[in-house]
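A.B. asks: Would you mind keeping the following structure in view while I ask a few things?
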Amino acid sequence: HVRSRRQRQMCIRDRFSYKARRRSGELVQGVLDANDRGAALIQIERLGLLPVSLDAQKGKSPVKGAASKPASGERSGSMPPMFRDLLQRKRRPKLQELATYTQQLANLLRSGMPLTVALNSMGHLESKGISNEVSKQLRQDVMEGKSLSDSMGKQPLIFSDLYVNMVRAGEQSGALEEVLRRLATHFERFAEVQQKFVSALIYPAIVGGVGVSIVMLFMTVILPKFTSIFTDMNVPLPKSTQMLIAVSGLFSSYWWLLPLVAVLGVVFYRRYSVTESGRRHLDKLKMSLPVLGKVMKLNLFGQFARTLSTLLHNGVPVLTALKITEKIIPNVILRDAIERTREGVTDGKTIAQPLARSQVFPQLMIDLIKIGEETGDVPGALQSVAETYENELTIALRVMTNLIEPAMIIVMAVAVGGLLFSILSAMFQITSSIGRG
């Protein structure tokens with residue numbers, strides 16, 4: 001009886017070999033005994049280290065004590081499929097929401113919290129656009145021995161390749177908190193650019209919507225009442241009024257064709273835009289537009305330079321950085337140029353040479369990158385390029401807005417003036433006929 005009781009008091013602990021980094025970046029390694037991976041990670045973090053890898057050894061270490069249990073507050077097993085499906089159905093977070101989430105995590109790590117404790121706190125914080133279950137899943141994966149970057153890679157809807165690779169670089173260099181702060185700044189700048197685009201298009205969209213509504217109201221409600229008056233008077237009407245009445249009749253009789261044509265147009269555009277030739281033709285057309293094309297090119301050039309600079313600055317290899325940037329850029333023409341640049345860099349060339357050969361990127365960008373290569377500071381040169389084009393984008397958006405506003409007013413004035421002229425000319429015709437009678 002005593003012997004069996006002693007056996008029940010014995011528990012087998014696992015032995016783990018680990019690699020970790022001090023906060024200074026120094027790599028250390030060692031061996032420890034723990035009940036499970038979660039407990040081993042807690043021991044490593046209590047030593048003030050950032051875990052890099054954790055491997056279970058074949059040997060077991062018997063110790064006295066109670067049966068192995070997860071650490072307090074930990075749960076074993078993976079996330080239930082219901083929650084995983086829910087995460088997959090959620091929308092992709094906005095850039096500002098992702099920036100806020102990243103900054104919150106960086107602040108917790110900066111305060112000295114271990115990673116698992118910081119992720120636990122993130123699971124209780126309200127993060128707009130990102131479910132609390134995301135942080136809980138990240139924490140559970142880290143407690144099971146996975147790296148934070150690998151866990152984030154399992155949720156591509158939330159964390160892009162850019163995000164995952166930069167976090168991986170931060171883990172390898174021991175500067176995860178600094179990388180997270182840079183990521184937050186990166187997303188905030190992109191969110192600012194998006195906000196500038198939205199602000200520049202709000203006024204034209206409102207004016208256009210109001211103008212179209214006025215024209216539709218006039219053609220379907222007001223003009224038919226005048227038409228009945230003109231018909232009762234039995235007076236020949238001007239050609240412009242006759243054409244307007246005919247168009248109004250089409251609107252009144254076949255109004256249901258308008259939403260049908262709009263839906264068919266959207267379907268055709270989407271199907272055409274997903275084809276290789278269609279996407280290429282549309283992207284080339286967008287870049288060649290008079291005013292909007294310049295704005296789109298400045299945005300694309302700034303996005304390319306900012307993304308590549310951020311990746312290279314955080315230690316991501318140049319080929320990997322170019323591949324990630326290629327995926328992020330939404331324009332096929334630029335993506336092809338980046339792919340050819342990546343192939344050129346693979347052959348041993350610099351970045352500036354294949355960029356110049358593509359004949360897509362501006363000479364200013366190529367010259368600045370070339371200077372960065374000569375001085376050994378390509379990330380800094382790309383950052384200067386990004387700031388240059390972002391400033392030019394701000395000016396171009398202001399110019400575009402100043403041009404669109406009067407253009408929209410002129411178009412609406414001509415449309416409404418044409419409608420009034422057709423009605424008034426018919427009224428004058430009727431008045432003159434009454435006067436002659």
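Convention: chains lettered A, B, ... in structure tokens order; per-chain residue numbering from 1; ligands numbered from 1 as shown.
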Would you give me, as a ChimeraX atom specification, the residues in stretch 156-400 of chain A that DSSP reads as alpha helix (DSSP H)?
C.D. replies: /A:161-173,176-217,223-233,239-253,257-274,276-287,292-313,318-328,332-346,352-358,363-375,378-400
A.B. asks: If you count only C-alpha atoms, which residues fall within 12 Å of A:Val332, apart from same-chain ones fewer than 3 positions away, as a list of chain:residue names?
C.D. replies: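 Contacts, in chain order: A:Ser273, A:Val274, A:Thr275, A:Glu276, A:Ser277, A:Gly278, A:Arg279, A:Arg280, A:His281, A:Leu282, A:Asp283, A:Lys284, A:Leu285, A:Lys286, A:Met287, A:Leu300, A:Glu326, A:Lys327, A:Ile328, A:Ile329, A:Arg335, A:Asp336, A:Ala337, A:Ile338, A:Glu339, A:Val360.
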A.B. asks: Kindly indicate which residue among A:Ser135, A:Arg21, A:Lys146, A:Met122 lies nearest to A:Gly38, using only C-alpha atoms for the distances.
C.D. replies: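 Checking each candidate against A:Gly38, we get A:Lys146 as the closest.
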A.B. asks: For A:Leu180, work out the shell of residues within 10 Å, counting only C-alpha atoms and skipping chain neighbours fewer than 4 positions away, then give it as a ChimeraX atom specification.
C.D. replies: /A:99,101-107,109,163,166-167,170,175-176,184-186
A.B. asks: Of the candidates A:Leu292, A:Met113, A:Ile245, A:Ile42, which one gets nearest to A:Thr401 if we count only C-alpha atoms?
C.D. replies: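 Smallest distance to A:Thr401 is found for A:Leu292.
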A.B. asks: Need to verify the contact set: A:Met143, 8 Å, only C-alpha atoms, exclusion of same-chain residues closer than 2 positions in sequence. Can you return it as a ChimeraX atom specification?
C.D. replies: /A:37-39,41,116,139-141,145-146
A.B. asks: Would you list the contacts of A:Ala407 as a list of chain:residue names, taking every protein, DNA or RNA residue within 12 Å and counting only C-alpha atoms, but skipping same-chain residues closer than 4 positions in sequence?
C.D. replies: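 Here the qualifying residues turn out to be A:Tyr203, A:Pro204, A:Val207, A:Gly208, A:Met400, A:Thr401, A:Asn402, A:Leu403, A:Val411, A:Met412, A:Ala413, A:Val414.
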A.B. asks: Quote the spacing between atom CA of A:Met296 and atom CA of A:Gln195 in Å to one decimal place.
C.D. replies: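 Separation of atom CA of A:Met296 and atom CA of A:Gln195: 14.3 Å.
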A.B. asks: Out of A:Ala415, A:Thr394, A:Asp367, A:Ile324, which residue has the shortest atom-to-atom distance to A:Phe197 when counting only C-alpha atoms?
C.D. replies: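 Using only C-alpha atoms, A:Phe197 sits closest to A:Thr394.
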A.B. asks: Which residues, written as an NGL selection string, have at least one atom at most 6 Å from A:Ala305, with only C-alpha atoms counted and residues fewer than 4 positions away on the same chain left out?
C.D. replies: :A and (309 or 382 or 386)
A.B. asks: Which residue, A:Leu311, A:Ala381, A:Met216, A:Ile222, has the smallest gap to A:Arg182 when you use only C-alpha atoms?
C.D. replies: A:Leu311
A.B. asks: From the options A:Val142, A:Leu258, A:Ile206, A:Leu54, which residue's atoms come nearest to A:Glu405, counting only C-alpha atoms?
C.D. replies: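 Closest residue, counting only C-alpha atoms: A:Ile206.
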A.B. asks: Which residues are close to A:Leu420, i.e. within 12 Å by only C-alpha atoms, leaving aside same-chain residues fewer than 6 positions away? Reply as a ChimeraX atom specification.
C.D. replies: /A:215,218-219,222-223,226,240-241,244,413-414,426-427
A.B. asks: Create the file for the chosen residues now, containing all heavy atoms and written as an mmCIF file, in the first residue's frame.
C.D. replies:
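Result file is out-v1.cif:
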```cif
data_model
loop_
_atom_site.group_PDB
_atom_site.id
_atom_site.type_symbol
_atom_site.label_atom_id
_atom_site.label_comp_id
_atom_site.auth_asym_id
_atom_site.auth_seq_id
_atom_site.Cartn_x
_atom_site.Cartn_y
_atom_site.Cartn_z
ATOM 1 N N VAL A 215 -31.615 64.815 -61.435
ATOM 2 C CA VAL A 215 -31.964 64.523 -62.832
ATOM 3 C C VAL A 215 -33.006 63.406 -62.900
ATOM 4 O O VAL A 215 -33.984 63.485 -63.655
ATOM 5 C CB VAL A 215 -30.706 64.149 -63.633
ATOM 6 C CG1 VAL A 215 -31.088 63.652 -65.031
ATOM 7 C CG2 VAL A 215 -29.776 65.351 -63.750
ATOM 8 N N PHE A 218 -36.356 64.701 -61.807
ATOM 9 C CA PHE A 218 -36.944 65.565 -62.825
ATOM 10 C C PHE A 218 -37.516 64.738 -63.979
ATOM 11 O O PHE A 218 -38.630 65.022 -64.471
ATOM 12 C CB PHE A 218 -35.878 66.528 -63.354
ATOM 13 C CG PHE A 218 -36.398 67.543 -64.312
ATOM 14 C CD1 PHE A 218 -36.897 68.760 -63.876
ATOM 15 C CD2 PHE A 218 -36.398 67.287 -65.672
ATOM 16 C CE1 PHE A 218 -37.389 69.691 -64.766
ATOM 17 C CE2 PHE A 218 -36.881 68.207 -66.580
ATOM 18 C CZ PHE A 218 -37.376 69.420 -66.123
ATOM 19 N N MET A 219 -36.760 63.721 -64.432
ATOM 20 C CA MET A 219 -37.184 62.943 -65.596
ATOM 21 C C MET A 219 -38.367 62.033 -65.294
ATOM 22 O O MET A 219 -39.194 61.772 -66.183
ATOM 23 C CB MET A 219 -36.002 62.099 -66.090
ATOM 24 C CG MET A 219 -34.808 62.908 -66.572
ATOM 25 S SD MET A 219 -35.148 63.846 -68.071
ATOM 26 C CE MET A 219 -35.239 62.538 -69.262
ATOM 27 N N ILE A 222 -41.310 65.131 -62.411
ATOM 28 C CA ILE A 222 -41.699 66.489 -62.794
ATOM 29 C C ILE A 222 -42.036 66.589 -64.275
ATOM 30 O O ILE A 222 -43.080 67.141 -64.658
ATOM 31 C CB ILE A 222 -40.572 67.472 -62.423
ATOM 32 C CG1 ILE A 222 -40.331 67.436 -60.897
ATOM 33 C CG2 ILE A 222 -40.925 68.882 -62.870
ATOM 34 C CD1 ILE A 222 -39.184 68.306 -60.455
ATOM 35 N N LEU A 223 -41.166 66.064 -65.132
ATOM 36 C CA LEU A 223 -41.376 66.215 -66.572
ATOM 37 C C LEU A 223 -42.670 65.566 -67.071
ATOM 38 O O LEU A 223 -43.348 66.147 -67.939
ATOM 39 C CB LEU A 223 -40.175 65.647 -67.324
ATOM 40 C CG LEU A 223 -40.176 65.865 -68.845
ATOM 41 C CD1 LEU A 223 -40.265 67.352 -69.174
ATOM 42 C CD2 LEU A 223 -38.936 65.253 -69.474
ATOM 43 N N PHE A 226 -45.477 68.070 -66.969
ATOM 44 C CA PHE A 226 -45.407 69.048 -68.049
ATOM 45 C C PHE A 226 -45.807 68.425 -69.378
ATOM 46 O O PHE A 226 -46.404 69.085 -70.237
ATOM 47 C CB PHE A 226 -43.989 69.636 -68.161
ATOM 48 C CG PHE A 226 -43.683 70.669 -67.122
ATOM 49 C CD1 PHE A 226 -43.016 70.347 -65.955
ATOM 50 C CD2 PHE A 226 -44.075 71.995 -67.331
ATOM 51 C CE1 PHE A 226 -42.731 71.303 -65.014
ATOM 52 C CE2 PHE A 226 -43.802 72.965 -66.382
ATOM 53 C CZ PHE A 226 -43.121 72.623 -65.211
ATOM 54 N N SER A 240 -35.616 70.011 -78.935
ATOM 55 C CA SER A 240 -34.992 69.655 -77.661
ATOM 56 C C SER A 240 -36.020 69.135 -76.662
ATOM 57 O O SER A 240 -35.763 68.180 -75.929
ATOM 58 C CB SER A 240 -34.264 70.869 -77.079
ATOM 59 O OG SER A 240 -35.187 71.949 -76.850
ATOM 60 N N THR A 241 -37.219 69.762 -76.667
ATOM 61 C CA THR A 241 -38.266 69.307 -75.744
ATOM 62 C C THR A 241 -38.789 67.945 -76.155
ATOM 63 O O THR A 241 -39.057 67.085 -75.294
ATOM 64 C CB THR A 241 -39.414 70.326 -75.703
ATOM 65 O OG1 THR A 241 -38.899 71.633 -75.440
ATOM 66 C CG2 THR A 241 -40.419 69.967 -74.637
ATOM 67 N N LEU A 244 -36.340 65.389 -75.022
ATOM 68 C CA LEU A 244 -36.395 65.228 -73.575
ATOM 69 C C LEU A 244 -37.609 64.413 -73.149
ATOM 70 O O LEU A 244 -37.519 63.556 -72.262
ATOM 71 C CB LEU A 244 -36.420 66.597 -72.904
ATOM 72 C CG LEU A 244 -36.289 66.623 -71.377
ATOM 73 C CD1 LEU A 244 -34.946 66.056 -70.957
ATOM 74 C CD2 LEU A 244 -36.456 68.041 -70.851
ATOM 75 N N ALA A 413 -24.329 71.952 -63.669
ATOM 76 C CA ALA A 413 -24.970 73.177 -64.155
ATOM 77 C C ALA A 413 -25.439 73.015 -65.604
ATOM 78 O O ALA A 413 -26.544 73.449 -65.966
ATOM 79 C CB ALA A 413 -24.005 74.355 -64.029
ATOM 80 N N VAL A 414 -24.601 72.392 -66.431
ATOM 81 C CA VAL A 414 -24.984 72.169 -67.836
ATOM 82 C C VAL A 414 -26.179 71.233 -67.921
ATOM 83 O O VAL A 414 -27.124 71.470 -68.699
ATOM 84 C CB VAL A 414 -23.787 71.610 -68.624
ATOM 85 C CG1 VAL A 414 -24.222 71.157 -70.013
ATOM 86 C CG2 VAL A 414 -22.698 72.665 -68.741
ATOM 87 N N ALA A 426 -40.310 75.228 -74.509
ATOM 88 C CA ALA A 426 -41.658 74.738 -74.821
ATOM 89 C C ALA A 426 -42.720 75.700 -74.282
ATOM 90 O O ALA A 426 -43.741 75.969 -74.950
ATOM 91 C CB ALA A 426 -41.851 73.347 -74.233
ATOM 92 N N MET A 427 -42.512 76.248 -73.080
ATOM 93 C CA MET A 427 -43.465 77.202 -72.511
ATOM 94 C C MET A 427 -43.551 78.460 -73.363
ATOM 95 O O MET A 427 -44.640 79.002 -73.603
ATOM 96 C CB MET A 427 -43.049 77.549 -71.081
ATOM 97 C CG MET A 427 -43.059 76.361 -70.121
ATOM 98 S SD MET A 427 -44.712 75.683 -69.856
ATOM 99 C CE MET A 427 -45.504 77.029 -69.020
#
```
A.B. asks: Please indicate the distance in Å from atom CA of A:Leu319 to atom CA of A:Arg342, rounded to one decimal place.
C.D. replies: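 These two atoms are separated by 6.2 Å.
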